[in-house]
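The next block is target.cif, given as mmCIF, C-alpha atoms.
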```cif
data_model
loop_
_atom_site.label_atom_id
_atom_site.label_comp_id
_atom_site.auth_asym_id
_atom_site.auth_seq_id
_atom_site.Cartn_x
_atom_site.Cartn_y
_atom_site.Cartn_z
CA MET A 591 116.08 144.17 146.01
CA LYS A 592 116.61 147.78 145.02
CA LEU A 593 118.89 149.18 142.37
CA TYR A 594 119.05 145.60 141.40
CA LEU A 595 115.68 145.85 139.73
CA THR A 596 116.59 148.72 137.48
CA ILE A 597 119.29 146.53 135.96
CA CYS A 598 116.98 143.54 136.03
CA ILE A 599 114.38 145.38 133.95
CA ALA A 600 117.09 146.60 131.58
CA LEU A 601 118.34 143.05 131.05
CA CYS A 602 114.83 141.76 130.48
CA SER A 603 114.03 144.60 128.10
CA GLY A 604 117.09 143.88 126.01
CA PHE A 605 115.77 140.40 125.49
CA LEU A 606 112.14 141.29 125.07
CA PHE A 607 112.60 143.80 122.31
CA SER A 608 114.59 141.31 120.27
CA GLN A 609 111.37 139.53 119.22
CA ASP A 610 110.37 138.95 115.60
CA GLU A 611 108.80 142.10 114.18
CA ASN A 612 106.28 140.00 112.24
CA ASP A 613 104.81 138.78 115.50
CA ASN A 614 103.06 141.92 116.75
CA LYS A 615 99.98 140.69 118.60
CA PHE A 616 99.47 142.02 122.09
CA THR A 617 96.91 142.33 124.88
CA ILE A 618 96.31 144.62 127.81
CA ASP A 619 94.65 143.69 131.08
CA ALA A 620 93.58 145.26 134.36
CA ASN A 621 93.16 143.48 137.69
CA PHE A 622 91.77 144.89 140.91
CA TYR A 623 92.67 143.14 144.17
CA TYR A 624 91.92 142.86 147.89
CA GLY A 625 94.09 140.96 150.33
CA THR A 626 96.03 140.67 153.54
CA ILE A 627 99.66 140.97 154.65
CA LEU A 628 101.03 137.57 155.65
CA GLU A 629 102.79 137.37 159.02
CA HIS A 630 105.94 135.65 157.77
CA ASN A 631 107.86 137.21 160.67
CA ALA A 632 106.51 138.05 164.14
CA ASP A 633 108.43 141.35 164.00
CA ILE A 634 105.90 142.79 161.53
CA SER A 635 102.75 141.83 163.47
CA HIS A 636 102.21 145.46 164.52
CA LEU A 637 102.10 146.47 160.84
CA ILE A 638 99.22 144.17 159.89
CA ALA A 639 96.20 146.39 160.32
CA GLY A 640 93.79 146.68 157.39
CA HIS A 641 93.40 144.76 154.12
CA PRO A 642 95.59 146.12 151.30
CA THR A 643 93.90 147.02 148.04
CA GLY A 644 95.18 148.08 144.64
CA PHE A 645 95.30 147.35 140.95
CA ILE A 646 97.58 145.75 138.34
CA LEU A 647 97.82 147.11 134.79
CA SER A 648 99.66 145.03 132.20
CA TYR A 649 100.86 144.96 128.60
CA ASN A 650 101.38 141.42 127.21
CA LYS A 651 103.19 140.55 123.97
CA LYS A 652 101.95 137.28 122.51
CA THR A 653 104.21 134.62 120.99
CA PHE A 654 103.24 132.09 118.34
CA GLY A 655 106.40 130.07 117.68
CA PHE A 656 108.25 132.41 115.30
CA LYS A 657 111.30 131.61 117.45
CA ASP A 658 112.06 128.06 118.58
CA TRP A 659 112.14 128.84 122.32
CA GLU A 660 108.49 130.00 122.21
CA SER A 661 107.07 126.55 121.42
CA ARG A 662 109.31 124.95 124.10
CA PHE A 663 107.41 126.91 126.76
CA ASN A 664 103.91 126.58 125.23
CA TYR A 665 103.95 130.06 123.66
CA PRO A 666 104.24 132.34 126.70
CA ASP A 667 103.55 136.07 126.75
CA TRP A 668 106.10 138.61 127.91
CA GLY A 669 105.37 142.13 128.98
CA PHE A 670 105.36 144.88 131.57
CA SER A 671 103.18 145.54 134.62
CA PHE A 672 102.40 148.45 136.89
CA ILE A 673 101.13 147.74 140.41
CA TYR A 674 99.67 150.20 142.90
CA GLN A 675 99.19 148.97 146.47
CA ASP A 676 97.62 150.82 149.38
CA MET A 677 98.98 149.00 152.44
CA LYS A 678 96.07 150.29 154.59
CA ASN A 679 98.55 151.31 157.25
CA ASN A 680 99.97 154.82 157.48
CA THR A 681 103.24 153.44 158.84
CA LEU A 682 103.80 151.37 155.68
CA GLY A 683 102.46 153.95 153.25
CA GLU A 684 101.81 153.06 149.61
CA ASN A 685 103.83 151.19 146.97
CA TYR A 686 104.15 151.92 143.25
CA GLY A 687 105.87 149.16 141.24
CA LEU A 688 107.06 148.61 137.67
CA TYR A 689 107.79 145.04 136.51
CA ALA A 690 108.92 142.89 133.61
CA HIS A 691 106.91 139.66 133.49
CA TYR A 692 106.23 136.37 131.71
CA ASN A 693 102.84 134.64 131.37
CA PHE A 694 102.96 130.84 131.14
CA TYR A 695 99.88 128.87 130.06
CA PHE A 696 98.37 125.51 131.05
CA LEU A 697 95.08 123.60 130.65
CA LYS A 698 94.39 124.61 127.05
CA ARG A 699 95.64 128.16 127.85
CA HIS A 700 92.91 128.82 130.42
CA LEU A 701 95.24 128.68 133.44
CA ASN A 702 97.79 131.50 133.47
CA LEU A 703 100.87 131.69 135.73
CA ARG A 704 102.54 135.09 135.72
CA VAL A 705 105.99 135.75 137.20
CA GLY A 706 106.94 139.41 137.55
CA GLN A 707 110.12 141.08 138.84
CA GLY A 708 110.66 144.79 139.24
CA LEU A 709 111.24 147.94 141.24
CA ALA A 710 108.86 149.65 143.65
CA TYR A 711 108.79 153.05 145.34
CA ASN A 712 107.52 153.20 148.91
CA THR A 713 106.11 156.49 150.17
CA ASN A 714 106.95 156.09 153.87
CA PRO A 715 110.07 154.01 154.72
CA TYR A 716 111.78 153.70 158.10
CA ASP A 717 113.04 156.87 159.74
CA LYS A 718 114.53 156.79 163.22
CA VAL A 719 112.64 159.97 164.20
CA THR A 720 109.46 160.21 162.14
CA ASN A 721 108.67 156.58 161.26
CA PHE A 722 110.57 154.24 163.59
CA LYS A 723 107.74 151.67 163.62
CA ASN A 724 108.30 150.75 159.95
CA ASN A 725 110.79 147.92 160.30
CA ALA A 726 109.62 146.35 157.01
CA TYR A 727 111.06 148.88 154.55
CA GLY A 728 114.42 150.53 155.17
CA SER A 729 114.44 152.57 151.96
CA HIS A 730 112.16 154.25 149.42
CA LEU A 731 113.45 151.98 146.64
CA LEU A 732 112.44 148.33 146.95
CA SER A 733 112.81 145.15 145.00
CA THR A 734 109.49 143.50 144.29
CA THR A 735 108.32 140.18 142.90
CA TYR A 736 104.81 138.95 142.22
CA LEU A 737 103.20 135.66 141.28
CA MET A 738 99.73 135.52 139.79
CA PHE A 739 97.55 132.46 139.14
CA ASN A 740 94.55 133.34 136.98
CA TYR A 741 91.78 131.45 135.28
CA LYS A 742 91.66 133.44 132.06
CA LYS A 743 89.28 133.55 129.13
CA GLU A 744 90.20 135.78 126.20
CA ASN A 745 87.95 137.21 123.51
CA VAL A 746 84.63 136.49 125.19
CA PHE A 747 83.04 139.40 123.33
CA LYS A 748 84.73 141.41 120.56
CA GLY A 749 88.22 141.10 121.98
CA PHE A 750 87.25 141.54 125.62
CA GLY A 751 87.80 138.74 128.12
CA LEU A 752 87.73 138.02 131.86
CA GLN A 753 90.13 136.62 134.45
CA ALA A 754 90.15 135.94 138.18
CA GLY A 755 92.56 134.34 140.60
CA ILE A 756 95.07 134.85 143.38
CA SER A 757 98.41 136.64 143.65
CA VAL A 758 101.30 137.10 146.08
CA ILE A 759 103.19 140.42 146.03
CA HIS A 760 106.58 140.67 147.77
CA TYR A 761 108.45 143.87 148.71
CA SER A 762 111.99 143.96 150.12
CA ASN A 763 115.33 145.72 149.70
CA ALA A 764 117.36 142.55 150.37
CA ASN A 765 119.45 144.10 153.15
CA PHE A 766 120.68 146.90 150.92
CA LYS A 767 119.73 149.07 153.89
CA ALA A 768 118.39 148.13 157.34
CA PRO A 769 115.73 147.49 158.48
CA ASN A 770 114.46 144.98 155.96
CA THR A 771 111.82 142.67 157.43
CA SER A 772 109.85 142.96 154.13
CA THR A 773 106.18 142.17 153.40
CA ASN A 774 104.27 139.52 151.47
CA THR A 775 100.69 140.30 150.50
CA PHE A 776 98.24 137.54 149.53
CA VAL A 777 95.38 138.88 147.38
CA PHE A 778 92.30 137.86 145.44
CA ASN A 779 92.16 139.56 142.06
CA VAL A 780 89.57 139.93 139.32
CA GLY A 781 89.82 141.76 136.04
CA THR A 782 89.36 142.07 132.32
CA ASN A 783 91.60 141.76 129.26
CA TYR A 784 91.48 142.96 125.66
CA VAL A 785 93.10 141.35 122.59
CA PHE A 786 94.06 143.88 119.93
CA ASP A 787 93.29 142.87 116.33
CA TYR A 788 91.52 139.80 117.71
CA GLU A 789 90.03 138.88 114.33
CA ASN A 790 93.44 138.21 112.74
CA GLU A 791 95.27 136.06 115.28
CA PRO A 792 97.78 133.71 113.58
CA GLU A 793 98.06 129.97 114.18
CA TYR A 794 100.60 128.59 116.63
CA ILE A 795 103.68 127.19 114.89
CA ALA A 796 104.67 123.69 115.99
CA SER A 797 108.27 123.03 116.98
CA THR A 798 110.62 121.46 114.45
CA GLU A 799 113.62 121.23 116.81
CA ASP A 800 115.81 118.15 117.16
CA LYS A 801 114.80 116.53 120.48
CA THR A 802 118.22 114.89 120.97
CA TYR A 803 120.11 118.10 121.74
CA LYS A 804 123.42 117.54 123.56
CA GLU A 805 126.23 119.73 124.81
CA LYS A 806 129.59 119.06 126.46
CA ILE A 807 130.31 120.08 130.07
CA LYS A 808 130.93 123.82 130.25
CA TYR A 809 133.09 125.65 132.79
CA ASN A 810 132.03 128.99 134.25
CA LEU A 811 133.84 131.79 136.06
CA ALA A 812 131.81 134.59 137.67
CA PHE A 813 132.51 137.69 139.72
CA ARG A 814 129.72 139.22 141.80
CA THR A 815 129.61 142.38 143.88
CA GLY A 816 127.26 144.84 145.55
CA VAL A 817 126.55 146.67 148.79
CA ASN A 818 124.64 145.49 151.85
CA GLU A 819 124.11 146.13 155.56
CA SER A 820 123.64 143.93 158.59
CA ASP A 821 120.39 143.95 160.57
CA ILE A 822 121.91 146.40 163.08
CA ILE A 823 120.42 149.75 162.05
CA GLY A 824 123.03 152.46 161.62
CA VAL A 825 126.11 150.23 161.44
CA GLY A 826 126.50 151.19 157.79
CA GLN A 827 126.60 149.78 154.27
CA PHE A 828 129.65 147.90 153.00
CA PRO A 829 130.75 146.32 149.71
CA PHE A 830 131.09 142.59 149.16
CA TYR A 831 132.91 140.51 146.55
CA ILE A 832 132.23 136.93 145.46
CA VAL A 833 134.32 134.76 143.14
CA SER A 834 132.59 131.65 141.76
CA ALA A 835 133.81 128.74 139.65
CA TYR A 836 131.48 125.97 138.51
CA ALA A 837 130.77 123.39 135.84
CA ASP A 838 127.43 122.86 134.15
CA LYS A 839 126.00 120.09 132.03
CA ARG A 840 123.17 120.83 129.62
CA LEU A 841 120.47 118.14 129.94
CA ASN A 842 118.39 119.44 127.04
CA ARG A 843 117.53 122.76 125.39
CA LYS A 844 115.76 123.97 128.53
CA SER A 845 117.85 122.82 131.47
CA ALA A 846 121.37 122.44 132.82
CA ILE A 847 122.65 121.25 136.20
CA GLN A 848 125.55 122.96 138.00
CA PHE A 849 128.21 122.14 140.59
CA GLY A 850 130.79 124.57 141.90
CA THR A 851 132.26 126.72 144.64
CA ASP A 852 131.93 130.30 145.94
CA VAL A 853 134.43 132.40 147.88
CA PHE A 854 132.79 135.24 149.86
CA PHE A 855 134.45 138.48 150.99
CA SER A 856 131.68 140.30 152.90
CA LYS A 857 132.84 143.51 154.59
CA PHE A 858 129.54 143.94 156.44
CA LEU A 859 130.31 140.72 158.32
CA GLU A 860 133.73 142.02 159.32
CA GLU A 861 132.08 145.15 160.73
CA LEU A 862 129.34 143.12 162.45
CA ILE A 863 131.93 140.94 164.21
CA TYR A 864 133.75 144.04 165.45
CA PHE A 865 130.46 145.64 166.58
CA TYR A 866 129.44 142.58 168.62
CA SER A 867 132.90 142.33 170.23
CA VAL A 868 132.64 145.93 171.47
CA ALA A 869 128.91 146.38 172.17
CA PHE A 870 127.99 142.89 173.45
CA PRO A 871 130.89 141.33 175.38
CA GLU A 872 128.50 138.69 176.74
CA LEU A 873 128.40 137.13 173.26
CA ASP A 874 132.05 136.07 173.59
CA VAL A 875 133.01 137.50 170.20
CA ASP A 876 136.73 138.35 170.18
CA GLY A 877 136.59 140.65 167.16
CA ASP A 878 139.38 138.95 165.24
CA GLU A 879 137.27 136.06 163.85
CA ASP A 880 137.73 135.48 160.12
CA TRP A 881 134.84 137.01 158.15
CA LYS A 882 135.59 135.22 154.87
CA ARG A 883 133.55 132.15 153.85
CA VAL A 884 133.85 129.38 151.24
CA GLY A 885 130.89 127.37 149.98
CA ILE A 886 130.10 124.58 147.54
CA PHE A 887 126.79 124.44 145.69
CA VAL A 888 124.58 122.52 143.29
CA GLY A 889 122.23 124.33 140.97
CA HIS A 890 119.89 124.38 138.02
CA GLU A 891 119.68 126.75 135.06
CA LEU A 892 116.51 127.18 133.00
CA PHE A 893 117.25 128.63 129.54
CA ILE A 894 114.69 130.96 127.94
CA ASN A 895 116.27 132.24 124.74
CA LYS A 896 119.12 134.60 125.77
CA MET A 897 117.81 134.76 129.34
CA SER A 898 118.04 132.08 131.99
CA ILE A 899 116.80 131.56 135.54
CA ILE A 900 119.26 130.11 138.03
CA THR A 901 118.59 128.42 141.37
CA GLN A 902 121.41 127.22 143.62
CA LEU A 903 121.69 125.56 147.02
CA GLY A 904 125.00 125.85 148.84
CA TYR A 905 126.82 124.79 151.99
CA TYR A 906 129.71 126.62 153.66
CA VAL A 907 132.73 124.32 153.98
CA TYR A 908 134.82 127.13 155.48
CA TYR A 909 132.69 128.87 158.11
CA PRO A 910 134.78 130.38 160.93
CA TYR A 911 132.03 132.71 162.21
CA ASP A 912 128.42 131.61 162.69
CA PHE A 913 126.10 133.87 160.69
CA GLU A 914 122.59 132.68 159.73
CA GLY A 915 123.63 129.02 159.40
CA GLN A 916 125.80 127.02 156.99
CA VAL A 917 123.19 126.50 154.26
CA TYR A 918 122.59 129.26 151.71
CA ASN A 919 120.60 129.64 148.51
CA ARG A 920 120.72 131.84 145.43
CA VAL A 921 118.09 132.67 142.79
CA GLY A 922 118.26 135.11 139.92
CA LEU A 923 118.51 135.98 136.26
CA LYS A 924 121.30 135.65 133.71
CA ARG A 925 121.47 137.34 130.32
CA TYR A 926 123.84 135.94 127.70
CA PHE A 927 125.74 138.20 125.32
CA GLY A 928 126.86 135.87 122.56
CA ASP A 929 127.76 132.26 123.33
CA LYS A 930 130.20 132.84 126.19
CA PHE A 931 129.69 136.03 128.19
CA PHE A 932 126.85 136.79 130.58
CA GLY A 933 125.60 139.28 133.13
CA ALA A 934 123.63 138.22 136.19
CA ILE A 935 121.48 139.62 138.97
CA THR A 936 120.95 137.23 141.87
CA LEU A 937 119.58 137.22 145.39
CA LYS A 938 121.60 135.35 148.01
CA SER A 939 119.70 134.22 151.11
CA HIS A 940 119.77 131.91 154.09
CA GLY A 941 116.34 130.34 153.78
CA ALA A 942 113.88 133.26 153.62
CA LYS A 943 116.44 135.64 155.15
CA ALA A 944 118.03 137.75 152.40
CA GLU A 945 121.70 138.67 152.69
CA ALA A 946 122.37 140.60 149.48
CA VAL A 947 121.52 141.28 145.87
CA GLU A 948 124.53 140.39 143.72
CA PHE A 949 125.46 142.01 140.39
CA GLY A 950 127.66 139.68 138.38
CA ILE A 951 129.55 139.17 135.16
CA GLY A 952 130.99 135.93 133.89
CA VAL A 953 132.14 133.68 131.11
CA ARG A 954 130.96 130.19 130.11
CA LEU A 955 133.68 128.19 128.31
#
```
Can you turn what I pasted into structure tokens?
Amino acid sequence: MKLYLTICIALCSGFLFSQDENDNKFTIDANFYYGTILEHNADISHLIAGHPTGFILSYNKKTFGFKDWESRFNYPDWGFSFIYQDMKNNTLGENYGLYAHYNFYFLKRHLNLRVGQGLAYNTNPYDKVTNFKNNAYGSHLLSTTYLMFNYKKENVFKGFGLQAGISVIHYSNANFKAPNTSTNTFVFNVGTNYVFDYENEPEYIASTEDKTYKEKIKYNLAFRTGVNESDIIGVGQFPFYIVSAYADKRLNRKSAIQFGTDVFFSKFLEELIYFYSVAFPELDVDGDEDWKRVGIFVGHELFINKMSIITQLGYYVYYPYDFEGQVYNRVGLKRYFGDKFFGAITLKSHGAKAEAVEFGIGVRL
């Protein structure tokens, strides 16, 4: 998920730094971890050797309800993380990642769910001469996501606290460049945290919002683009273009449901069809099959202030060439600029098989 993350972090940062200046409480924490690479694909079995180790360093900005959205989500933290991971395999090398994250709290704020998205640098990606065994990472620059579930206790002694739990760390470049089998690491983590100015923590502000919030159906137009490559190493990277039109209905201040259509113009698929027609005549590919696709989808949008998280499930209704099946899904982030215009970074996949990271702009009317 690549270049994509640089923009992702920029979008998140634009939102994060818009917080109320009077709310300046923050924490730092450090977690050390030990885990194993999950065999989500048999093609990476030769890469699972030792048990990866590393650490996670984080800055967390606390919220107390100075803005209405904070109380809606039980006063989450937002912040930035740095992750170092030694893959314990010379073929895979080491990963260094920078993330934007949210911490969500449950069970009287003892259970912490963290969702982080960012960019990572891999020290030893695939090379057809020097590192042909690394079919997990096709480039130095990777997209990375991590989920962390911690039991957390703050301010046990003079601002210091403890936490322990489990995490999953994902690295991929989302077919920006082949190969891209990716890795998922499951780890056990333990660490400590420190609350700055712990003696003067303010009270949480209860919500005063009207619970009967309503909004008319809105109509959206979006244009998405990017670059990707098929799984055939060396075939090349090609641009794609997607035009989307959909309606959404806001259910409440947090959520909206969506229904719409996508039209896909994917040049990599045109090249892949031609490649198969020439290199593999036994596949009965003529080479003149239509590479364009049209899908319909349903989706959900979760609003967090000026940011939102979108999830969509689609089905190709025009599907002249069979590629990865007729069902597709999309997840990603939107950032609103005013009431109408937005930018978006999304990952389109077929199940767990990524096709592309999409950079989009749009309008909501």
List the residues matched by the PyMOL selection byres ((chain A and resi 697-714) around 7) in the displayed structure as a PDB file with C-alpha atoms, in the frame of the given file, ordered by chain and then by residue number.
```
ATOM      1  CA  LYS A 592     116.610 147.780 145.020  1.00  0.00           C
ATOM      2  CA  LEU A 595     115.680 145.850 139.730  1.00  0.00           C
ATOM      3  CA  THR A 596     116.590 148.720 137.480  1.00  0.00           C
ATOM      4  CA  ILE A 599     114.380 145.380 133.950  1.00  0.00           C
ATOM      5  CA  THR A 681     103.240 153.440 158.840  1.00  0.00           C
ATOM      6  CA  LEU A 682     103.800 151.370 155.680  1.00  0.00           C
ATOM      7  CA  GLY A 683     102.460 153.950 153.250  1.00  0.00           C
ATOM      8  CA  GLU A 684     101.810 153.060 149.610  1.00  0.00           C
ATOM      9  CA  ASN A 685     103.830 151.190 146.970  1.00  0.00           C
ATOM     10  CA  TYR A 686     104.150 151.920 143.250  1.00  0.00           C
ATOM     11  CA  GLY A 687     105.870 149.160 141.240  1.00  0.00           C
ATOM     12  CA  LEU A 688     107.060 148.610 137.670  1.00  0.00           C
ATOM     13  CA  TYR A 689     107.790 145.040 136.510  1.00  0.00           C
ATOM     14  CA  ALA A 690     108.920 142.890 133.610  1.00  0.00           C
ATOM     15  CA  HIS A 691     106.910 139.660 133.490  1.00  0.00           C
ATOM     16  CA  TYR A 692     106.230 136.370 131.710  1.00  0.00           C
ATOM     17  CA  ASN A 693     102.840 134.640 131.370  1.00  0.00           C
ATOM     18  CA  PHE A 694     102.960 130.840 131.140  1.00  0.00           C
ATOM     19  CA  TYR A 695      99.880 128.870 130.060  1.00  0.00           C
ATOM     20  CA  PHE A 696      98.370 125.510 131.050  1.00  0.00           C
ATOM     21  CA  PRO A 715     110.070 154.010 154.720  1.00  0.00           C
ATOM     22  CA  TYR A 716     111.780 153.700 158.100  1.00  0.00           C
ATOM     23  CA  HIS A 730     112.160 154.250 149.420  1.00  0.00           C
ATOM     24  CA  LEU A 731     113.450 151.980 146.640  1.00  0.00           C
ATOM     25  CA  LEU A 732     112.440 148.330 146.950  1.00  0.00           C
ATOM     26  CA  SER A 733     112.810 145.150 145.000  1.00  0.00           C
ATOM     27  CA  THR A 734     109.490 143.500 144.290  1.00  0.00           C
ATOM     28  CA  THR A 735     108.320 140.180 142.900  1.00  0.00           C
ATOM     29  CA  TYR A 736     104.810 138.950 142.220  1.00  0.00           C
ATOM     30  CA  LEU A 737     103.200 135.660 141.280  1.00  0.00           C
ATOM     31  CA  MET A 738      99.730 135.520 139.790  1.00  0.00           C
ATOM     32  CA  PHE A 739      97.550 132.460 139.140  1.00  0.00           C
ATOM     33  CA  ASN A 740      94.550 133.340 136.980  1.00  0.00           C
ATOM     34  CA  TYR A 741      91.780 131.450 135.280  1.00  0.00           C
ATOM     35  CA  LYS A 742      91.660 133.440 132.060  1.00  0.00           C
ATOM     36  CA  LYS A 743      89.280 133.550 129.130  1.00  0.00           C
TER      37      LYS A 743
END
```
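All protein and nucleic acid residues in the vicinity of (131.7, 135.1, 132.0), that is within 8 Å when counting only C-alpha atoms, are Asn810, Leu811, Ala812, Lys930, Phe931, Phe932, Gly933, Ile951, Gly952, Val953 and Arg954 of chain A.
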Mind checking which residues fall within 8 Å of Lys938 (chain A), counting all atoms listed in the file, ignoring those fewer than 2 positions away in the same chain, and posting them as a tab-separated table (two decimals) with C-alpha atoms, in the coordinates of the input?
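Written output follows (out-v1.tsv):
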```tsv
chain	number	residue	atom	x	y	z
A	918	TYR	CA	122.59	129.26	151.71
A	919	ASN	CA	120.60	129.64	148.51
A	920	ARG	CA	120.72	131.84	145.43
A	921	VAL	CA	118.09	132.67	142.79
A	936	THR	CA	120.95	137.23	141.87
A	940	HIS	CA	119.77	131.91	154.09
A	944	ALA	CA	118.03	137.75	152.40
A	945	GLU	CA	121.70	138.67	152.69
A	946	ALA	CA	122.37	140.60	149.48
A	947	VAL	CA	121.52	141.28	145.87
A	948	GLU	CA	124.53	140.39	143.72
```
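Residue nearest Asn895 (chain A), chosen from A:Ser661, A:Asn774, A:Asn679, A:Asn650 and counting only C-alpha atoms: A:Ser661.
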Inset, instruction - Tell me, as a list in words, which residues lie within 8 Å of Tyr906 (chain A), counting all atoms listed in the file; anything in the same chain fewer than 3 positions away does not count. - result: Arg883, Val884, Gly885, Ile886, Tyr909, Gln916, Val917 and Tyr918 of chain A
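For the structure shown here, the set of residues caught by the PyMOL selection byres ((chain A and resi 727) around 7) is Pro715, Tyr716, Asn724, Asn725, Ala726, Gly728, Ser729, Ser762, Pro769, Asn770, Thr771 and Ser772 of chain A.
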Legend entry - Counting all atoms listed in the file, the option among A:Gly751, A:Gly877, A:Pro642, A:Gly816 closest to Phe766 (chain A): A:Gly816
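Our summary of the geometry notes that CA of Ile894 (chain A) is positioned 10.4 Å from CA of Tyr926 (chain A).
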Legend entry - Option closest in space to Thr851 (chain A), from A:Asp880, A:Leu903, A:Ile823, A:Thr802 [counting all atoms listed in the file]: A:Leu903
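Each of A:Arg814, A:Lys857, A:Arg662, A:Lys723 was compared to Leu892 (chain A) using only C-alpha atoms, and A:Arg662 turns out to be the nearest.
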Legend entry - Residues matched by the PyMOL selection byres ((chain A and resi 923) around 9), written as a PyMOL selection string: chain A and resi 598+601-602+897-900+921-922+924-925+933-936
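Comparing the minimum interatomic distances between Tyr864 (chain A) and each of A:Val825, A:Ile627, A:Ile618, A:Ile759, counting all atoms listed in the file, we find that A:Val825 sits nearest.
The closest residue to Lys896 (chain A), picked from A:Tyr649, A:Trp659, A:Val780, A:Phe858 and counting all atoms listed in the file, is A:Trp659.
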Inset, instruction - Mind giving me the straight-line distance from CA of Glu629 (chain A) to CA of Phe776 (chain A) in Å, one decimal? - result: 10.5 Å
